[in-house]
Structure formats: structure tokens, C-alpha cells
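Undergrad: Structure: run.cif, mmCIF, C-alpha atoms.
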```cif
data_final
loop_
_atom_site.label_atom_id
_atom_site.label_comp_id
_atom_site.auth_asym_id
_atom_site.auth_seq_id
_atom_site.Cartn_x
_atom_site.Cartn_y
_atom_site.Cartn_z
CA MET A 1 -58.12 -53.72 -67.32
CA ASN A 2 -56.87 -55.25 -64.07
CA LYS A 3 -58.90 -58.34 -64.76
CA HIS A 4 -57.14 -58.54 -68.11
CA LYS A 5 -53.75 -58.23 -66.41
CA PHE A 6 -54.73 -60.92 -63.96
CA ARG A 7 -55.59 -63.27 -66.80
CA ILE A 8 -52.28 -62.55 -68.52
CA ALA A 9 -50.41 -63.19 -65.27
CA LEU A 10 -52.27 -66.45 -64.82
CA LEU A 11 -51.51 -67.54 -68.38
CA LEU A 12 -47.84 -66.62 -67.94
CA SER A 13 -47.73 -68.63 -64.72
CA VAL A 14 -49.11 -71.69 -66.48
CA ILE A 15 -46.58 -71.32 -69.33
CA LEU A 16 -43.70 -70.87 -66.90
CA CYS A 17 -44.82 -73.87 -64.88
CA PHE A 18 -44.82 -75.91 -68.08
CA ILE A 19 -41.34 -74.67 -68.98
CA ILE A 20 -40.06 -75.60 -65.53
CA VAL A 21 -41.70 -78.97 -65.32
CA SER A 22 -41.00 -80.21 -68.85
CA PRO A 23 -37.18 -80.56 -68.46
CA VAL A 24 -37.78 -82.56 -65.30
CA PHE A 25 -39.93 -84.97 -67.28
CA ILE A 26 -37.50 -85.07 -70.17
CA GLN A 27 -34.60 -85.78 -67.79
CA GLY A 28 -36.66 -88.38 -66.02
CA THR A 29 -36.93 -90.42 -69.19
CA SER A 30 -33.14 -90.71 -69.44
CA ALA A 31 -32.73 -92.59 -66.18
CA TYR A 32 -31.24 -95.63 -67.88
CA ILE A 33 -28.42 -97.70 -66.50
CA PHE A 34 -25.03 -96.90 -67.89
CA GLY A 35 -21.40 -97.55 -67.12
CA GLN A 36 -18.22 -95.72 -67.95
CA SER A 37 -14.62 -96.85 -68.09
CA PRO A 38 -11.54 -95.07 -66.80
CA ILE A 39 -9.73 -92.89 -69.36
CA CYS A 40 -7.26 -94.62 -71.64
CA ARG A 41 -4.60 -92.09 -72.59
CA SER A 42 -1.75 -91.98 -75.09
CA SER A 43 0.80 -89.24 -74.67
CA PHE A 44 2.84 -88.16 -77.66
CA TYR A 45 5.96 -86.22 -76.97
CA GLY A 46 8.10 -84.47 -79.50
CA GLU A 47 11.71 -83.49 -79.41
CA PRO A 48 12.03 -80.19 -81.26
CA GLY A 49 14.87 -80.17 -83.74
CA GLU A 50 15.69 -83.85 -83.38
CA SER A 51 12.80 -85.92 -84.63
CA SER A 52 11.46 -83.45 -87.10
CA PHE A 53 12.34 -85.29 -90.30
CA PRO A 54 9.95 -87.82 -91.74
CA GLU A 55 11.04 -91.44 -91.40
CA SER A 56 10.60 -92.04 -95.10
CA SER A 57 12.93 -89.16 -95.98
CA ILE A 58 16.03 -90.89 -94.66
CA PRO A 59 17.99 -92.09 -97.69
CA GLU A 60 19.00 -95.72 -97.43
CA SER A 61 22.63 -94.98 -98.08
CA SER A 62 22.77 -92.70 -95.08
CA VAL A 63 21.78 -95.47 -92.71
CA PRO A 64 24.91 -96.89 -91.12
CA GLU A 65 25.45 -100.63 -91.46
CA SER A 66 25.00 -101.26 -87.80
CA SER A 67 21.53 -99.79 -87.76
CA VAL A 68 19.24 -102.59 -88.84
CA PRO A 69 15.97 -101.28 -90.30
CA GLU A 70 13.01 -101.79 -88.02
CA SER A 71 11.04 -103.84 -90.49
CA SER A 72 13.80 -106.43 -90.84
CA ILE A 73 13.70 -107.38 -87.19
CA PRO A 74 11.08 -110.05 -86.56
CA GLU A 75 8.98 -109.05 -83.55
CA LYS A 76 9.84 -112.25 -81.70
CA SER A 77 13.53 -111.47 -81.86
CA VAL A 78 13.15 -108.28 -79.87
CA PRO A 79 14.09 -109.25 -76.34
CA GLU A 80 11.78 -107.97 -73.66
CA SER A 81 14.70 -106.43 -71.90
CA SER A 82 15.19 -104.13 -74.91
CA VAL A 83 12.50 -101.95 -73.47
CA SER A 84 14.35 -100.93 -70.41
CA GLU A 85 12.37 -99.34 -67.66
CA SER A 86 14.51 -96.26 -67.86
CA SER A 87 13.53 -95.73 -71.52
CA ILE A 88 9.92 -95.36 -70.55
CA PRO A 89 9.37 -91.91 -69.14
CA GLU A 90 7.94 -91.97 -65.65
CA ARG A 91 4.78 -90.21 -66.74
CA SER A 92 3.97 -93.04 -69.13
CA VAL A 93 2.46 -95.46 -66.64
CA PRO A 94 1.08 -93.68 -63.61
CA GLU A 95 -0.80 -96.73 -62.39
CA SER A 96 -1.96 -95.06 -59.26
CA SER A 97 -3.57 -92.24 -61.20
CA VAL A 98 -6.09 -94.53 -62.85
CA PRO A 99 -7.23 -97.02 -60.25
CA GLU A 100 -9.00 -100.08 -61.54
CA SER A 101 -11.77 -99.49 -59.09
CA SER A 102 -12.69 -96.36 -61.01
CA THR A 103 -14.66 -98.54 -63.39
CA THR A 104 -18.03 -97.28 -62.39
CA THR A 105 -21.64 -98.04 -62.75
CA ARG A 106 -24.07 -95.25 -62.46
CA THR A 107 -27.65 -94.63 -63.18
CA GLY A 108 -28.45 -91.40 -64.91
CA ASP A 109 -31.01 -90.21 -62.42
CA GLY A 110 -31.18 -86.81 -64.03
CA THR A 111 -30.41 -85.00 -60.79
CA ASN A 112 -28.98 -81.69 -61.73
CA THR A 113 -28.57 -78.52 -59.74
CA ILE A 114 -29.32 -76.18 -62.65
CA PRO A 115 -32.98 -77.18 -63.07
CA ILE A 116 -33.47 -76.93 -59.32
CA ILE A 117 -32.05 -73.40 -59.24
CA ALA A 118 -34.11 -72.46 -62.29
CA MET A 119 -37.17 -73.99 -60.66
CA LEU A 120 -36.67 -71.93 -57.50
CA PHE A 121 -36.04 -68.78 -59.52
CA PHE A 122 -39.16 -69.21 -61.61
CA SER A 123 -41.23 -70.20 -58.57
CA VAL A 124 -40.33 -66.87 -56.95
CA ILE A 125 -41.26 -64.99 -60.13
CA ILE A 126 -44.54 -66.87 -60.49
CA THR A 127 -45.50 -66.35 -56.86
CA ALA A 128 -44.68 -62.64 -57.10
CA SER A 129 -46.67 -62.21 -60.33
CA VAL A 130 -49.69 -64.08 -58.97
CA PHE A 131 -49.66 -62.05 -55.78
CA THR A 132 -49.37 -58.80 -57.72
CA ALA A 133 -52.25 -59.79 -59.96
CA LEU A 134 -54.42 -60.80 -57.02
CA LYS A 135 -53.61 -57.57 -55.20
CA GLN A 136 -54.50 -55.51 -58.23
CA SER A 137 -57.75 -57.34 -58.83
CA LYS A 138 -58.68 -56.82 -55.15
CA LYS A 139 -57.88 -53.14 -55.50
CA HIS A 140 -60.00 -53.01 -58.62
CA ARG A 141 -62.90 -54.66 -56.83
CA ASN A 142 -62.61 -52.23 -53.93
CA ASN A 143 -62.63 -49.32 -56.33
CA ASN A 144 -65.73 -50.70 -58.02
CA ASP A 145 -67.47 -51.02 -54.66
CA MET B 146 -84.48 -78.60 -49.82
CA ASN B 147 -84.88 -81.24 -52.43
CA LYS B 148 -81.12 -81.36 -52.97
CA LYS B 149 -80.55 -81.86 -49.28
CA ALA B 150 -82.92 -84.79 -49.29
CA ILE B 151 -81.07 -86.38 -52.22
CA ILE B 152 -77.69 -85.92 -50.50
CA ALA B 153 -79.02 -87.32 -47.25
CA GLY B 154 -80.53 -90.26 -49.14
CA ALA B 155 -77.28 -91.00 -50.95
CA ALA B 156 -75.31 -90.84 -47.70
CA ALA B 157 -77.76 -93.17 -46.00
CA ALA B 158 -77.57 -95.62 -48.92
CA ALA B 159 -73.78 -95.55 -48.82
CA LEU B 160 -73.75 -96.21 -45.08
CA LEU B 161 -76.25 -99.03 -45.41
CA THR B 162 -74.28 -100.70 -48.22
CA THR B 163 -71.05 -100.45 -46.25
CA GLY B 164 -72.76 -101.81 -43.18
CA LEU B 165 -74.12 -104.78 -45.10
CA LEU B 166 -71.08 -105.59 -47.20
CA VAL B 167 -68.23 -105.20 -44.69
CA PRO B 168 -69.47 -107.83 -42.23
CA SER B 169 -70.16 -110.28 -45.07
CA PHE B 170 -66.62 -109.75 -46.36
CA ALA B 171 -65.37 -110.42 -42.86
CA PHE B 172 -66.94 -113.85 -43.04
CA LEU B 173 -65.97 -114.69 -46.57
CA SER B 174 -62.51 -113.25 -46.84
CA GLY B 175 -59.29 -115.10 -46.50
CA GLN B 176 -55.77 -114.10 -47.33
CA SER B 177 -52.92 -115.75 -49.11
CA ARG B 178 -49.26 -115.53 -48.20
CA LYS B 179 -47.47 -112.41 -49.24
CA VAL B 180 -45.93 -112.31 -52.68
CA VAL B 181 -42.80 -110.22 -52.61
CA ASN B 182 -41.20 -109.05 -55.83
CA ARG B 183 -37.72 -107.76 -55.29
CA PHE B 184 -36.39 -105.47 -58.00
CA VAL B 185 -32.64 -105.38 -58.01
CA SER B 186 -31.05 -102.49 -59.84
CA GLY B 187 -29.04 -103.53 -62.89
CA LEU B 188 -25.37 -102.78 -63.20
CA ILE B 189 -23.06 -102.00 -66.07
CA SER B 190 -19.30 -101.98 -65.62
CA VAL B 191 -17.01 -101.39 -68.52
CA ASP B 192 -13.25 -101.06 -68.78
CA LEU B 193 -10.96 -99.73 -71.50
CA LYS B 194 -7.30 -100.60 -71.90
CA GLU B 195 -4.77 -100.97 -74.68
CA THR B 196 -1.70 -103.04 -75.41
CA LEU B 197 1.55 -101.71 -73.96
CA VAL B 198 3.80 -100.18 -76.61
CA ASN B 199 7.49 -99.47 -76.77
CA PRO B 200 7.68 -95.67 -76.47
CA GLU B 201 10.70 -95.46 -78.77
CA THR B 202 9.30 -97.52 -81.63
CA GLY B 203 5.54 -97.15 -81.09
CA LYS B 204 5.15 -100.91 -81.58
CA LYS B 205 3.14 -103.26 -79.39
CA ILE B 206 4.82 -105.35 -76.75
CA ASP B 207 2.73 -108.49 -76.75
CA ASP B 208 2.38 -110.75 -73.71
CA GLU B 209 2.38 -107.75 -71.42
CA PRO B 210 -0.73 -106.81 -69.44
CA LYS B 211 -2.86 -104.19 -71.09
CA VAL B 212 -2.49 -100.67 -69.75
CA TYR B 213 -4.44 -97.45 -69.29
CA GLU B 214 -1.65 -95.26 -70.58
CA ASN B 215 1.03 -95.39 -73.26
CA THR B 216 3.68 -92.93 -74.30
CA TYR B 217 5.04 -92.44 -77.81
CA LEU B 218 7.99 -90.61 -79.23
CA THR B 219 6.48 -88.61 -82.06
CA VAL B 220 8.31 -89.13 -85.33
CA ALA B 221 6.97 -87.57 -88.52
CA GLY B 222 5.40 -90.09 -90.90
CA ARG B 223 5.43 -92.94 -88.40
CA VAL B 224 2.44 -95.24 -87.90
CA VAL B 225 2.21 -96.32 -84.28
CA ASP B 226 0.21 -99.11 -82.66
CA LYS B 227 -2.74 -98.08 -80.54
CA ASP B 228 -5.62 -100.46 -79.85
CA PRO B 229 -8.13 -99.23 -77.27
CA THR B 230 -10.06 -102.36 -76.32
CA PRO B 231 -13.16 -102.29 -74.12
CA THR B 232 -14.15 -105.07 -71.76
CA VAL B 233 -17.65 -105.44 -70.41
CA ILE B 234 -17.33 -106.77 -66.90
CA LYS B 235 -19.24 -109.91 -65.96
CA ASN B 236 -22.85 -109.66 -64.80
CA SER B 237 -23.34 -106.32 -66.51
CA THR B 238 -26.81 -105.77 -67.90
CA SER B 239 -26.93 -106.29 -71.67
CA CYS B 240 -25.79 -103.07 -73.24
CA TYR B 241 -24.64 -101.03 -76.20
CA VAL B 242 -20.98 -100.06 -75.99
CA TYR B 243 -19.50 -96.79 -77.25
CA VAL B 244 -15.97 -95.47 -77.21
CA GLY B 245 -15.29 -91.77 -77.42
CA VAL B 246 -11.89 -90.59 -78.62
CA ARG B 247 -10.51 -87.09 -78.20
CA ASN B 248 -7.71 -86.28 -80.58
CA GLU B 249 -6.37 -82.84 -79.81
CA TYR B 250 -4.47 -82.47 -83.09
CA THR B 251 -6.46 -84.05 -85.88
CA ASP B 252 -4.11 -82.50 -88.42
CA LEU B 253 -1.13 -84.29 -86.89
CA PHE B 254 -2.65 -87.61 -85.79
CA THR B 255 -4.97 -89.73 -87.92
CA ILE B 256 -6.82 -92.72 -86.50
CA GLU B 257 -6.42 -95.67 -88.86
CA ASP B 258 -7.82 -99.18 -89.25
CA VAL B 259 -11.11 -98.86 -87.40
CA GLY B 260 -12.31 -102.36 -86.49
CA ALA B 261 -15.04 -104.01 -88.56
CA ASP B 262 -17.13 -104.39 -85.40
CA TRP B 263 -17.21 -100.65 -84.87
CA THR B 264 -19.12 -97.85 -86.57
CA LEU B 265 -18.53 -94.14 -86.37
CA VAL B 266 -21.56 -92.43 -84.81
CA THR B 267 -22.80 -89.50 -86.86
CA ASP B 268 -22.90 -86.28 -84.91
CA SER B 269 -25.51 -84.50 -87.03
CA ASP B 270 -26.29 -81.94 -84.33
CA ASN B 271 -22.62 -81.09 -83.75
CA LYS B 272 -22.83 -81.96 -80.09
CA LEU B 273 -19.26 -83.21 -79.83
CA GLY B 274 -16.31 -81.00 -79.07
CA GLU B 275 -13.43 -80.41 -81.45
CA GLY B 276 -11.47 -83.56 -82.25
CA VAL B 277 -13.95 -85.86 -80.50
CA THR B 278 -15.28 -88.90 -82.33
CA VAL B 279 -17.57 -91.64 -81.03
CA TYR B 280 -17.58 -95.25 -82.18
CA LYS B 281 -20.34 -97.76 -81.51
CA TYR B 282 -19.92 -101.52 -81.15
CA ASN B 283 -22.19 -103.03 -83.77
CA SER B 284 -23.93 -105.61 -81.59
CA VAL B 285 -25.56 -105.68 -78.20
CA VAL B 286 -23.28 -107.14 -75.57
CA PRO B 287 -25.47 -109.61 -73.66
CA LYS B 288 -25.29 -110.26 -69.93
CA SER B 289 -22.65 -112.84 -69.16
CA ASP B 290 -21.05 -114.67 -66.23
CA GLU B 291 -17.63 -113.82 -67.58
CA ASP B 292 -15.85 -110.63 -68.55
CA ARG B 293 -16.27 -110.05 -72.27
CA GLN B 294 -13.40 -108.40 -74.08
CA LEU B 295 -14.54 -106.76 -77.33
CA SER B 296 -12.39 -106.18 -80.38
CA ALA B 297 -10.15 -103.11 -80.57
CA VAL B 298 -11.86 -99.93 -81.75
CA PHE B 299 -8.93 -99.17 -84.05
CA GLU B 300 -5.39 -100.40 -84.50
CA HIS B 301 -3.10 -97.57 -85.53
CA VAL B 302 -2.44 -93.85 -85.39
CA ARG B 303 -0.58 -92.17 -88.23
CA ILE B 304 1.63 -89.22 -87.40
CA SER B 305 1.64 -86.56 -90.08
CA ASP B 306 4.85 -86.16 -92.06
CA THR B 307 4.54 -82.42 -91.57
CA PHE B 308 5.19 -82.83 -87.85
CA ASP B 309 8.07 -80.51 -86.98
CA GLY B 310 8.88 -81.71 -83.50
CA SER B 311 6.48 -79.50 -81.60
CA PHE B 312 2.73 -79.31 -81.25
CA HIS B 313 1.54 -76.02 -82.71
CA GLY B 314 4.28 -74.01 -81.06
CA GLU B 315 7.61 -74.53 -79.39
CA SER B 316 6.16 -74.35 -75.90
CA GLU B 317 4.06 -77.47 -76.40
CA THR B 318 6.09 -80.62 -76.77
CA GLU B 319 3.44 -83.07 -75.64
CA SER B 320 0.02 -84.03 -76.85
CA ALA B 321 -2.42 -86.78 -76.01
CA ILE B 322 -5.18 -88.91 -77.44
CA GLU B 323 -7.74 -89.86 -74.80
CA ALA B 324 -10.38 -92.54 -75.06
CA ARG B 325 -13.19 -93.61 -72.78
CA ALA B 326 -15.81 -96.32 -73.03
CA TYR B 327 -19.47 -95.76 -72.25
CA ALA B 328 -22.12 -98.47 -72.12
CA VAL B 329 -25.86 -98.01 -71.83
CA GLN B 330 -28.54 -100.65 -71.24
CA SER B 331 -29.81 -102.07 -74.52
CA GLU B 332 -33.35 -102.71 -73.37
CA SER B 333 -35.72 -99.87 -74.31
CA THR B 334 -32.92 -97.72 -75.70
CA ALA B 335 -32.55 -99.04 -79.26
CA ASP B 336 -33.39 -95.70 -80.86
CA LEU B 337 -32.04 -93.54 -78.07
CA SER B 338 -28.64 -94.97 -77.21
CA ASP B 339 -26.71 -93.04 -79.89
CA GLY B 340 -28.17 -89.80 -78.58
CA TYR B 341 -27.25 -90.69 -75.01
CA ALA B 342 -23.70 -91.52 -76.05
CA LEU B 343 -23.35 -88.24 -77.96
CA ASP B 344 -24.75 -86.35 -74.97
CA TYR B 345 -22.30 -88.12 -72.70
CA PHE B 346 -19.25 -87.44 -74.85
CA SER B 347 -20.35 -83.87 -75.64
CA ASN B 348 -19.17 -83.01 -72.15
CA ASN B 349 -15.44 -82.47 -72.52
CA ASP B 350 -14.93 -83.22 -68.83
CA VAL B 351 -15.37 -86.93 -69.51
CA PHE B 352 -11.90 -86.88 -71.05
CA GLU B 353 -10.37 -85.31 -67.96
CA ASN B 354 -9.60 -87.38 -64.85
#
```
Go through the file and emit its structure as C-alpha cells.

TA:
Amino acid sequence: MNKHKFRIALLLSVILCFIIVSPVFIQGTSAYIFGQSPICRSSFYGEPGESSFPESSIPESSVPESSVPESSIPEKSVPESSVSESSIPERSVPESSVPESSTTTRTGDGTNTIPIIAMLFFSVIITASVFTALKQSKKHRNNND
Amino acid sequence: MNKKAIIAGAAAAALLTTGLLVPSFAFLSGQSRKVVNRFVSGLISVDLKETLVNPETGKKIDDEPKVYENTYLTVAGRVVDKDPTPTVIKNSTSCYVYVGVRNEYTDLFTIEDVGADWTLVTDSDNKLGEGVTVYKYNSVVPKSDEDRQLSAVFEHVRISDTFDGSFHGESETESAIEARAYAVQSESTADLSDGYALDYFSNNDVFEN
């Protein structure tokens, strides 16, 4: 019976070892070179109660004469100064928050703390189970003697 | 006893052979100069910027340097300019380029006019988070001595005409669309690169700072 248990423990150890080792191999295959850019963000802000009507719903007659429709202004005619700095909310261009140097190159070396922790955890379990099995088989042998 | 004799015989034969061969090698051998192969790790650097827009109108301001961040006044039914454009920095290893986009409110903002050079990557295993889409540049970007700016992933974002001035509740008056480029070496990854990109963008942290 103890011999049987020992065999089961041994088999379990082999299976667990395989489970532990296989992710390491799988991760190892993904060690390709890659690069990532900084984040490019667009913030949309709403003004409750003011900009809630669709653009298309404004009847033409309600547009005062002085307000020239957007489409009629050729892009070239819009002076650069028309976009005054004050009209751009401060949060719109936080240059310092996205430094150019953050363009990075990394290699996915697959180093991850989770597999290491799992490895340690399973190693302890395996060692304990092997020791228990060995102890029991020794006991069994002593009893037989 | 017989076994011992065989082992002893084998050991003696081995010793004799070594004794005979090593001195002869000493006479005959010569050595060439060292050949050193240096393997330098490849690099991939990629950047992602877009054209500056006028926050009030949502229209591009040409001739201005491209930026990492734009702000838009959200007006129901409006179509605003947004053109995230990746650049592969010079001397990068030849690579596949992907751009991941996180659109928090897909019901309010619709990405329009995806560039002809870009293809939406199918997320058959549902790895990506809510509102995240990944686009792939259709060709391999080869190694080059100069920065290579690719075409824009898309050109416009349409704001829903049901937008009521707030984002799913009065407390939220601001929303964002984030994009990030990812490039992976093209060599040996032809069948794997899509999976790597999906794995990369499946982590929502890549859209945080």
C-alpha cells in the first residue's frame, strides 16, 4: 500500500514539475524584440446643458448673420492666432507628462514574478510529498523486517 | 573476475591511446587566429503622435508639430479630426507595427476612416478589454537609416448625436481615447506577431501612464 502511495507521489511530482517548467519554456519562446510608444491621448470634455444639442439640429434661420458657418471658411483663412493659448485648456498639452525619451525598446525576456512564486510554492509541495513518501516507504520496510 | 579484467583492459587501452595520440597532436597541431562573432542586440523604437487640433472646432491645425495629446470640446453629431500616426525610429530592427486604441465610450465615439494601410486585428479569443481595438500596419517596416513615419491609423472620430453633455452621468464631464503603438520584430514572428500584440494590449495598464 505504501509502495503504491510512493508511486503516486512520484507521479504527482513529475506532473507538477512539468506544470511548473512548461510555462517557463513557453515564456522563453516569446523573447522577441519589441518596442512601444508613449501614449497618445485625446481628451473630450463636455459642458452639460450647453453643448447638448446636435450640430445638425440648428436651423439655418436661427444662425445670426455674423456667425459664418464653419464649412464656408477655407482652412487657410483661419489665422493661427485664432487658436489663442488661453482657449486651450492647460491639461491639453502636458508636454512634461509624456517625455519623448519614454519611447522605449525592450526585449520580452519573460521574467515574471508569478511563475517564480508558483515555482517556489510547488517546489515546497513536491519536496514535502517526496519526503513523506520516502518516510512511509522506510517505515513500511522496517515493519516488514 | 572476468568483468574486472575487461574493465582493466579497456582502461589500459584508453590510457595507451591517449598517451600515443596526445604527443602526436602536440607535434602536428597549429592554431589560427581567434574568430570573434559579436552579437549585438537589436532595437525597436516606435513613437506615436497626432496632428494638433483646435479644441473648439476639433479641426486640425496644420504646420504645427505633432503632439501626444489633444483636447476636444464634445459637441453632439460633430466629426472631429484625430490621426494617430506612428513613426518607426531609425535603425530599428525590421518589424510589424500595431496600434492599440482604447475608446472608453464606444456608444458615444466612433472611429472613422481607418487608413487603407491598416487592418483591424481579430480578437477571436476575447483577450482585449472593453473598448480596445488593435490595428496592424499591413507591411513589414524594414530597417532604415532614417525615421519612417507611417500613415495615420484613422482620420476622424464621430461624436454621437445622442450626446447630452455628460459622459454617462453628470459627475463625469471628461472622457478620453488613448492610443499606443507596439512594434515587434518581423523575423521569425510572421504567424505569432498578432498574438503578441493582442497579449500586449490585453493588459489595460498599457493605456495608463

Undergrad: Starting from the PyMOL selection byres ((chain B) within 7 of (chain A)), expand the selection into actual residues of this file and give them as a PyMOL selection string.

TA: chain B and resi 187-194+199-200+213-223+306+308-311+318-330+352

Undergrad: Between atom CA of B:Leu273 and atom CA of B:Val286, what is the spacing in Å?

TA: 24.6 Å

Undergrad: Suppose a student applies the PyMOL selection byres ((chain B and resi 266-272) around 9) to this structure; what residues should they get, written as an MDAnalysis selection string?

TA: chainID B and resid 243 264:265 273:274 278:281 339:340 343:344 346:348

Undergrad: For atom CA of B:Leu197 and atom CA of B:Val212, quote the distance in Å rounded to one decimal.

TA: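 So the two atoms, atom CA of B:Leu197 and atom CA of B:Val212, lie 5.9 Å apart.
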
Undergrad: For atom CA of B:Val302 and atom CA of B:Asn349, determine how far apart the two atoms are, in Å to one decimal place.

TA: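 Separation of atom CA of B:Val302 and atom CA of B:Asn349: 21.5 Å.
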
Undergrad: I'd like the contact shell of A:His4 - 12 Å cut-off, all atoms listed in the file, skipping same-chain residues fewer than 6 positions apart - returned as a JSON list (two decimals) with C-alpha atoms, in the frame of the given file.

TA:
```json
[["chain", "number", "residue", "atom", "x", "y", "z"],
["A", 10, "LEU", "CA", -52.27, -66.45, -64.82],
["A", 11, "LEU", "CA", -51.51, -67.54, -68.38],
["A", 133, "ALA", "CA", -52.25, -59.79, -59.96],
["A", 134, "LEU", "CA", -54.42, -60.80, -57.02],
["A", 136, "GLN", "CA", -54.50, -55.51, -58.23],
["A", 137, "SER", "CA", -57.75, -57.34, -58.83],
["A", 140, "HIS", "CA", -60.00, -53.01, -58.62]]
```

Undergrad: What would the list of residues within 12 Å of (-15.8, -103.2, -90.6) (file frame) look like as a PDB file with C-alpha atoms, in the coordinates of the input, if only C-alpha atoms are what count?

TA:
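Printed below is out-v3.pdb as written:
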```
ATOM      1  CA  ASP B 258      -7.820 -99.180 -89.250  1.00  0.00           C
ATOM      2  CA  VAL B 259     -11.110 -98.860 -87.400  1.00  0.00           C
ATOM      3  CA  GLY B 260     -12.310-102.360 -86.490  1.00  0.00           C
ATOM      4  CA  ALA B 261     -15.040-104.010 -88.560  1.00  0.00           C
ATOM      5  CA  ASP B 262     -17.130-104.390 -85.400  1.00  0.00           C
ATOM      6  CA  TRP B 263     -17.210-100.650 -84.870  1.00  0.00           C
ATOM      7  CA  THR B 264     -19.120 -97.850 -86.570  1.00  0.00           C
ATOM      8  CA  LEU B 265     -18.530 -94.140 -86.370  1.00  0.00           C
ATOM      9  CA  TYR B 280     -17.580 -95.250 -82.180  1.00  0.00           C
ATOM     10  CA  LYS B 281     -20.340 -97.760 -81.510  1.00  0.00           C
ATOM     11  CA  TYR B 282     -19.920-101.520 -81.150  1.00  0.00           C
ATOM     12  CA  ASN B 283     -22.190-103.030 -83.770  1.00  0.00           C
ATOM     13  CA  SER B 296     -12.390-106.180 -80.380  1.00  0.00           C
ATOM     14  CA  ALA B 297     -10.150-103.110 -80.570  1.00  0.00           C
ATOM     15  CA  VAL B 298     -11.860 -99.930 -81.750  1.00  0.00           C
ATOM     16  CA  PHE B 299      -8.930 -99.170 -84.050  1.00  0.00           C
TER      17      PHE B 299
END
```

Undergrad: Which residues are near B:Asp252? Cut-off 10 Å, all atoms listed in the file, ignore same chain within fewer than 5 positions. Put them as a PyMOL selection string.

TA: chain B and resi 276+304-305+307-308

Undergrad: Based on the selection just made, write C-alpha atoms of those residues as an mmCIF file, in the coordinates of the input.

TA:
```cif
data_model
loop_
_atom_site.group_PDB
_atom_site.id
_atom_site.type_symbol
_atom_site.label_atom_id
_atom_site.label_comp_id
_atom_site.auth_asym_id
_atom_site.auth_seq_id
_atom_site.Cartn_x
_atom_site.Cartn_y
_atom_site.Cartn_z
ATOM 1 C CA GLY B 276 -11.470 -83.560 -82.250
ATOM 2 C CA ILE B 304 1.630 -89.220 -87.400
ATOM 3 C CA SER B 305 1.640 -86.560 -90.080
ATOM 4 C CA THR B 307 4.540 -82.420 -91.570
ATOM 5 C CA PHE B 308 5.190 -82.830 -87.850
#
```

Undergrad: Written as an NGL selection string, which residues does the PyMOL selection byres ((chain B and resi 255) around 6) give for the file shown?

TA: :B and (254 or 256 or 302-303)

Undergrad: With a distance cut-off of 9 Å and all atoms listed in the file, select the neighbouring residues of A:Val130, excluding the residue or stretch itself and same-chain residues fewer than 2 positions from it, and output the selection as an NGL selection string.

TA: :A and (6 or 9-10 or 13 or 125-128 or 132-135)

Undergrad: Rebuild stretch 246-257 of chain B so that it carries N, CA and C atoms, then output the result as a PDB file, in the coordinates of the input.

TA:
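Wrote rebuild_8.pdb, looks like this:
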```
ATOM      1  N   VAL B 246     -13.323 -90.864 -78.487  1.00  0.00           N
ATOM      2  CA  VAL B 246     -11.890 -90.590 -78.620  1.00  0.00           C
ATOM      3  C   VAL B 246     -11.704 -89.090 -78.811  1.00  0.00           C
ATOM      4  N   ARG B 247     -10.819 -88.509 -78.003  1.00  0.00           N
ATOM      5  CA  ARG B 247     -10.510 -87.090 -78.200  1.00  0.00           C
ATOM      6  C   ARG B 247      -9.082 -86.965 -78.725  1.00  0.00           C
ATOM      7  N   ASN B 248      -8.995 -86.453 -79.920  1.00  0.00           N
ATOM      8  CA  ASN B 248      -7.710 -86.280 -80.580  1.00  0.00           C
ATOM      9  C   ASN B 248      -7.473 -84.778 -80.738  1.00  0.00           C
ATOM     10  N   GLU B 249      -6.594 -84.282 -79.882  1.00  0.00           N
ATOM     11  CA  GLU B 249      -6.370 -82.840 -79.810  1.00  0.00           C
ATOM     12  C   GLU B 249      -5.891 -82.254 -81.134  1.00  0.00           C
ATOM     13  N   TYR B 250      -5.058 -82.993 -81.843  1.00  0.00           N
ATOM     14  CA  TYR B 250      -4.470 -82.470 -83.090  1.00  0.00           C
ATOM     15  C   TYR B 250      -4.830 -83.390 -84.259  1.00  0.00           C
ATOM     16  N   THR B 251      -6.014 -83.178 -84.789  1.00  0.00           N
ATOM     17  CA  THR B 251      -6.460 -84.050 -85.880  1.00  0.00           C
ATOM     18  C   THR B 251      -5.609 -83.868 -87.135  1.00  0.00           C
ATOM     19  N   ASP B 252      -4.961 -82.715 -87.245  1.00  0.00           N
ATOM     20  CA  ASP B 252      -4.110 -82.500 -88.420  1.00  0.00           C
ATOM     21  C   ASP B 252      -2.786 -83.241 -88.298  1.00  0.00           C
ATOM     22  N   LEU B 253      -2.412 -83.592 -87.082  1.00  0.00           N
ATOM     23  CA  LEU B 253      -1.130 -84.290 -86.890  1.00  0.00           C
ATOM     24  C   LEU B 253      -1.313 -85.807 -86.706  1.00  0.00           C
ATOM     25  N   PHE B 254      -2.426 -86.185 -86.063  1.00  0.00           N
ATOM     26  CA  PHE B 254      -2.650 -87.610 -85.790  1.00  0.00           C
ATOM     27  C   PHE B 254      -3.915 -88.090 -86.492  1.00  0.00           C
ATOM     28  N   THR B 255      -3.800 -89.164 -87.230  1.00  0.00           N
ATOM     29  CA  THR B 255      -4.970 -89.730 -87.920  1.00  0.00           C
ATOM     30  C   THR B 255      -5.212 -91.143 -87.402  1.00  0.00           C
ATOM     31  N   ILE B 256      -6.448 -91.370 -86.973  1.00  0.00           N
ATOM     32  CA  ILE B 256      -6.820 -92.720 -86.500  1.00  0.00           C
ATOM     33  C   ILE B 256      -6.993 -93.612 -87.727  1.00  0.00           C
ATOM     34  N   GLU B 257      -6.347 -94.777 -87.701  1.00  0.00           N
ATOM     35  CA  GLU B 257      -6.420 -95.670 -88.860  1.00  0.00           C
ATOM     36  C   GLU B 257      -6.863 -97.073 -88.449  1.00  0.00           C
TER      37      GLU B 257
END
```
